[in-house]
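Notes to accompany the following structure.
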Amino acid sequence: MRLLLISILFICCSLLGKAHGPVHAQIDSLSKQIAKYPDSLNLYFERGIYYQIDEDYARAVADFEKVLIMDNEIYTTYFPLAEIYLETAQYELASSYIDKYILHFPKHANGQILYAKVHLALGEDDKAIVGFDNAIAIKKDKATPEDFIHLSNVWRIQNPEKAYKVLEEGVRKIGPYVSMQKHLVDLANEHEWYDRSMQTINAILAKAIRKEYWLLQKANVLQKLSKHEEAKTVYQNCLAEIEGLKPKIKETDYVQSIAIKAKLALDAL
């Protein structure tokens, strides 16, 4: 039984990563195999995963339920069922499955993340925090910026200081990923912690190859601090950085939007 559970868990994790490919061909092939081997748990489970990828949720649920009818101890089936019910906004049903799932697989990081997302959807922030915390602890140095951002966002309303510390911990543990640094700056600005914001921006600028975005952010913070002359200089530096970019890069919508913002801010000074 344990080998079967591990096999099914492997199928679940590997197939869910395949959001492309001949999904319908795989479903047809599995259906033919099921006709020959109607007692195969693995075949129903695998077809259920492909139905899930195809967003044919009714058939996916039917296959997963068929697995549970055949053997009600295939607890790995609870994970895709919880995913489907979360996706279809049936949060209570999602909770009923993911809560049981992590009782059997407490060390499955993605299970903890799904648990957190389901309970966040239910407005149960404390349980969401536990799930994201557990996932980060399980992943250790393999945690992603998104893991820390999710956890920070749960804390953001009830305890902004804690939210900020979560992001700082993420940068310290896994490195200065831009996504986390942007959240740090946004959170600092939101609460007028401009010294923190400036500290983060200056640390980024010291190592950044592309500086235009962060120069714009620095100038904006200087304006918030009423340091208008310094802000003017930094806006000008931002535009100079953009002028020095290769034409194909300079002409992108992303860079042009930064240039427009810098020019408008300069005109307003």
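By convention here, the chains of the structure tokens are called A, B, ... in the order presented, each chain's residues are numbered starting at 1, and ligands are numbered starting at 1 in the order presented.
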
Near segment 202-217 of chain A, counting only C-alpha atoms, which residues have an atom at most 7 Å away, once you skip same-chain residues fewer than 4 positions from it, shown as a ChimeraX atom specification?
-> /A:198,221,234-235,238,241-242,258,262

Please report as a Markdown table every residue of segment 85-126 of chain A lying within 12 Å of segment 34-52 of chain A, along with the nearest atom pair and their distance in Å (one decimal), using only C-alpha atoms.
```
| residue | atom | partner | partner_atom | distance |
| --- | --- | --- | --- | --- |
| A:Tyr85 | CA | A:Gln52 | CA | 11.1 |
| A:Glu87 | CA | A:Gln52 | CA | 10.5 |
| A:Thr88 | CA | A:Gln52 | CA | 11.7 |
```

Could you please take those selected residues and save N, CA and C atoms as a PDB file, in the first residue's frame?
```pdb
ATOM      1  N   TYR A  85     -11.472  22.093  -5.750  1.00  0.00           N
ATOM      2  CA  TYR A  85     -12.498  22.822  -5.002  1.00  0.00           C
ATOM      3  C   TYR A  85     -12.040  24.236  -4.651  1.00  0.00           C
ATOM      4  N   GLU A  87     -10.055  25.976  -6.730  1.00  0.00           N
ATOM      5  CA  GLU A  87     -10.157  26.631  -8.035  1.00  0.00           C
ATOM      6  C   GLU A  87     -11.597  27.003  -8.358  1.00  0.00           C
ATOM      7  N   THR A  88     -12.540  26.191  -7.911  1.00  0.00           N
ATOM      8  CA  THR A  88     -13.956  26.436  -8.214  1.00  0.00           C
ATOM      9  C   THR A  88     -14.684  27.150  -7.064  1.00  0.00           C
TER      10      THR A  88
END
```

Which residue gives the smallest distance to Lys139 of chain A among A:Ile113, A:Ala82, A:Val166, A:Val178, with only C-alpha atoms counted?
->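 Counting only C-alpha atoms, the residue closest to Lys139 of chain A is A:Ile113.
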
Near Leu120 of chain A, counting only C-alpha atoms, which residues have an atom at most 10 Å away, once you skip same-chain residues fewer than 4 positions from it, shown as a ChimeraX atom specification?
-> /A:91,114-116,124-129,131,154

Mind checking which residues fall within 12 Å of Gly175 of chain A, counting only C-alpha atoms, ignoring those fewer than 3 positions away in the same chain, and posting them as a PyMOL selection string?
-> chain A and resi 141-145+148+167-172+178-181+204

Selection above as a file: N, CA and C atoms, as a PDB file, in the first residue's frame:
```pdb
ATOM      1  N   ASP A 141      16.337  25.941   2.344  1.00  0.00           N
ATOM      2  CA  ASP A 141      16.989  26.822   1.368  1.00  0.00           C
ATOM      3  C   ASP A 141      16.377  26.715  -0.024  1.00  0.00           C
ATOM      4  N   LYS A 142      15.387  25.830  -0.196  1.00  0.00           N
ATOM      5  CA  LYS A 142      14.706  25.721  -1.477  1.00  0.00           C
ATOM      6  C   LYS A 142      13.392  26.512  -1.503  1.00  0.00           C
ATOM      7  N   ALA A 143      13.136  27.249  -0.430  1.00  0.00           N
ATOM      8  CA  ALA A 143      11.954  28.121  -0.415  1.00  0.00           C
ATOM      9  C   ALA A 143      12.088  29.158  -1.522  1.00  0.00           C
ATOM     10  N   THR A 144      10.957  29.611  -2.046  1.00  0.00           N
ATOM     11  CA  THR A 144      10.954  30.562  -3.154  1.00  0.00           C
ATOM     12  C   THR A 144      10.566  31.955  -2.650  1.00  0.00           C
ATOM     13  N   PRO A 145      10.869  32.996  -3.430  1.00  0.00           N
ATOM     14  CA  PRO A 145      10.407  34.337  -3.052  1.00  0.00           C
ATOM     15  C   PRO A 145       8.896  34.382  -2.841  1.00  0.00           C
ATOM     16  N   PHE A 148       7.703  33.501   0.720  1.00  0.00           N
ATOM     17  CA  PHE A 148       7.838  34.582   1.699  1.00  0.00           C
ATOM     18  C   PHE A 148       6.850  35.715   1.404  1.00  0.00           C
ATOM     19  N   LEU A 167       9.711  39.442   4.945  1.00  0.00           N
ATOM     20  CA  LEU A 167      10.424  39.701   3.693  1.00  0.00           C
ATOM     21  C   LEU A 167      11.921  39.851   3.930  1.00  0.00           C
ATOM     22  N   GLU A 168      12.281  40.515   5.011  1.00  0.00           N
ATOM     23  CA  GLU A 168      13.707  40.636   5.353  1.00  0.00           C
ATOM     24  C   GLU A 168      14.327  39.265   5.591  1.00  0.00           C
ATOM     25  N   GLU A 169      13.575  38.402   6.270  1.00  0.00           N
ATOM     26  CA  GLU A 169      14.053  37.047   6.509  1.00  0.00           C
ATOM     27  C   GLU A 169      14.237  36.300   5.187  1.00  0.00           C
ATOM     28  N   GLY A 170      13.316  36.508   4.271  1.00  0.00           N
ATOM     29  CA  GLY A 170      13.430  35.874   2.960  1.00  0.00           C
ATOM     30  C   GLY A 170      14.682  36.308   2.221  1.00  0.00           C
ATOM     31  N   VAL A 171      14.951  37.595   2.223  1.00  0.00           N
ATOM     32  CA  VAL A 171      16.155  38.108   1.562  1.00  0.00           C
ATOM     33  C   VAL A 171      17.403  37.533   2.217  1.00  0.00           C
ATOM     34  N   ARG A 172      17.377  37.448   3.540  1.00  0.00           N
ATOM     35  CA  ARG A 172      18.534  36.936   4.268  1.00  0.00           C
ATOM     36  C   ARG A 172      18.760  35.446   3.999  1.00  0.00           C
ATOM     37  N   VAL A 178      14.501  40.251  -6.680  1.00  0.00           N
ATOM     38  CA  VAL A 178      13.869  41.533  -6.990  1.00  0.00           C
ATOM     39  C   VAL A 178      12.414  41.566  -6.514  1.00  0.00           C
ATOM     40  N   SER A 179      11.684  40.464  -6.674  1.00  0.00           N
ATOM     41  CA  SER A 179      10.274  40.450  -6.289  1.00  0.00           C
ATOM     42  C   SER A 179      10.107  40.751  -4.804  1.00  0.00           C
ATOM     43  N   MET A 180      10.965  40.166  -3.971  1.00  0.00           N
ATOM     44  CA  MET A 180      10.864  40.443  -2.532  1.00  0.00           C
ATOM     45  C   MET A 180      11.298  41.872  -2.218  1.00  0.00           C
ATOM     46  N   GLN A 181      12.322  42.353  -2.914  1.00  0.00           N
ATOM     47  CA  GLN A 181      12.781  43.718  -2.667  1.00  0.00           C
ATOM     48  C   GLN A 181      11.719  44.745  -3.056  1.00  0.00           C
ATOM     49  N   ILE A 204      20.192  47.968  -3.474  1.00  0.00           N
ATOM     50  CA  ILE A 204      19.944  47.401  -4.800  1.00  0.00           C
ATOM     51  C   ILE A 204      20.757  48.142  -5.865  1.00  0.00           C
TER      52      ILE A 204
END
```

Which neighbours of Gly111 of chain A fall inside 9 Å, counting only C-alpha atoms, when residues of the same chain fewer than 5 positions from it are skipped, and could you give them as number ranges by chain?
-> A: 79, 98, 101-102, 105-106, 116, 131, 135

Restricting it to C-alpha atoms, dump the selection as an mmCIF file, in the first residue's frame.
```
data_model
loop_
_atom_site.group_PDB
_atom_site.id
_atom_site.type_symbol
_atom_site.label_atom_id
_atom_site.label_comp_id
_atom_site.auth_asym_id
_atom_site.auth_seq_id
_atom_site.Cartn_x
_atom_site.Cartn_y
_atom_site.Cartn_z
ATOM 1 C CA PHE A 79 -4.676 16.890 -2.766
ATOM 2 C CA ILE A 98 -6.639 19.458 2.408
ATOM 3 C CA TYR A 101 -4.322 15.430 3.447
ATOM 4 C CA ILE A 102 -1.723 17.221 5.571
ATOM 5 C CA PHE A 105 1.535 14.095 4.574
ATOM 6 C CA PRO A 106 2.637 16.867 6.977
ATOM 7 C CA ALA A 116 -2.655 27.976 3.607
ATOM 8 C CA GLY A 131 0.619 26.654 6.423
ATOM 9 C CA ALA A 135 6.079 25.195 3.897
#
```

Determine, counting only C-alpha atoms, which protein, DNA and RNA residues have an atom within 10 Å of an atom of Leu68 of chain A; residues of the same chain fewer than 4 positions away are not included. Present the result as a VMD selection string.
-> chain A and resid 41 45 62 to 64 72 to 78

Find the residue from A:Trp193, A:Tyr57, A:Tyr97, A:Phe132 that sits nearest to Trp155 of chain A; use only C-alpha atoms when measuring.
->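 Among the listed residues, the smallest separation from Trp155 of chain A belongs to A:Phe132.
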
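The gap separating atom CA of Ala121 of chain A from atom CA of Asp147 of chain A is 16.5 Å, in Å to one decimal.
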
Go ahead and compute the interatomic distance for atom CA of Ala259 of chain A and atom CA of Tyr164 of chain A, in Å to one decimal.
->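 If I compute the distance from atom CA of Ala259 of chain A to atom CA of Tyr164 of chain A, I get 29.2 Å.
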
Option closest in space to Glu192 of chain A, from A:Ala219, A:Val255, A:Leu225, A:Ala163 [counting only C-alpha atoms] = A:Leu225

Using only C-alpha atoms, determine which residues lie at most 9 Å from segment 54-56 of chain A, disregarding the query and same-chain residues fewer than 4 positions distant; provide the list as an MDAnalysis selection string.
-> chainID A and resid 19 23:24 49:50 60:61 84

Filtered DSSP result for segment 4-236 of chain A, state alpha helix (DSSP H), as an MDAnalysis selection string | chainID A and resid 4:15 23:36 41:53 57:70 78:87 91:104 109:121 125:139 145:158 160:174 178:190 194:207 212:224 228:236
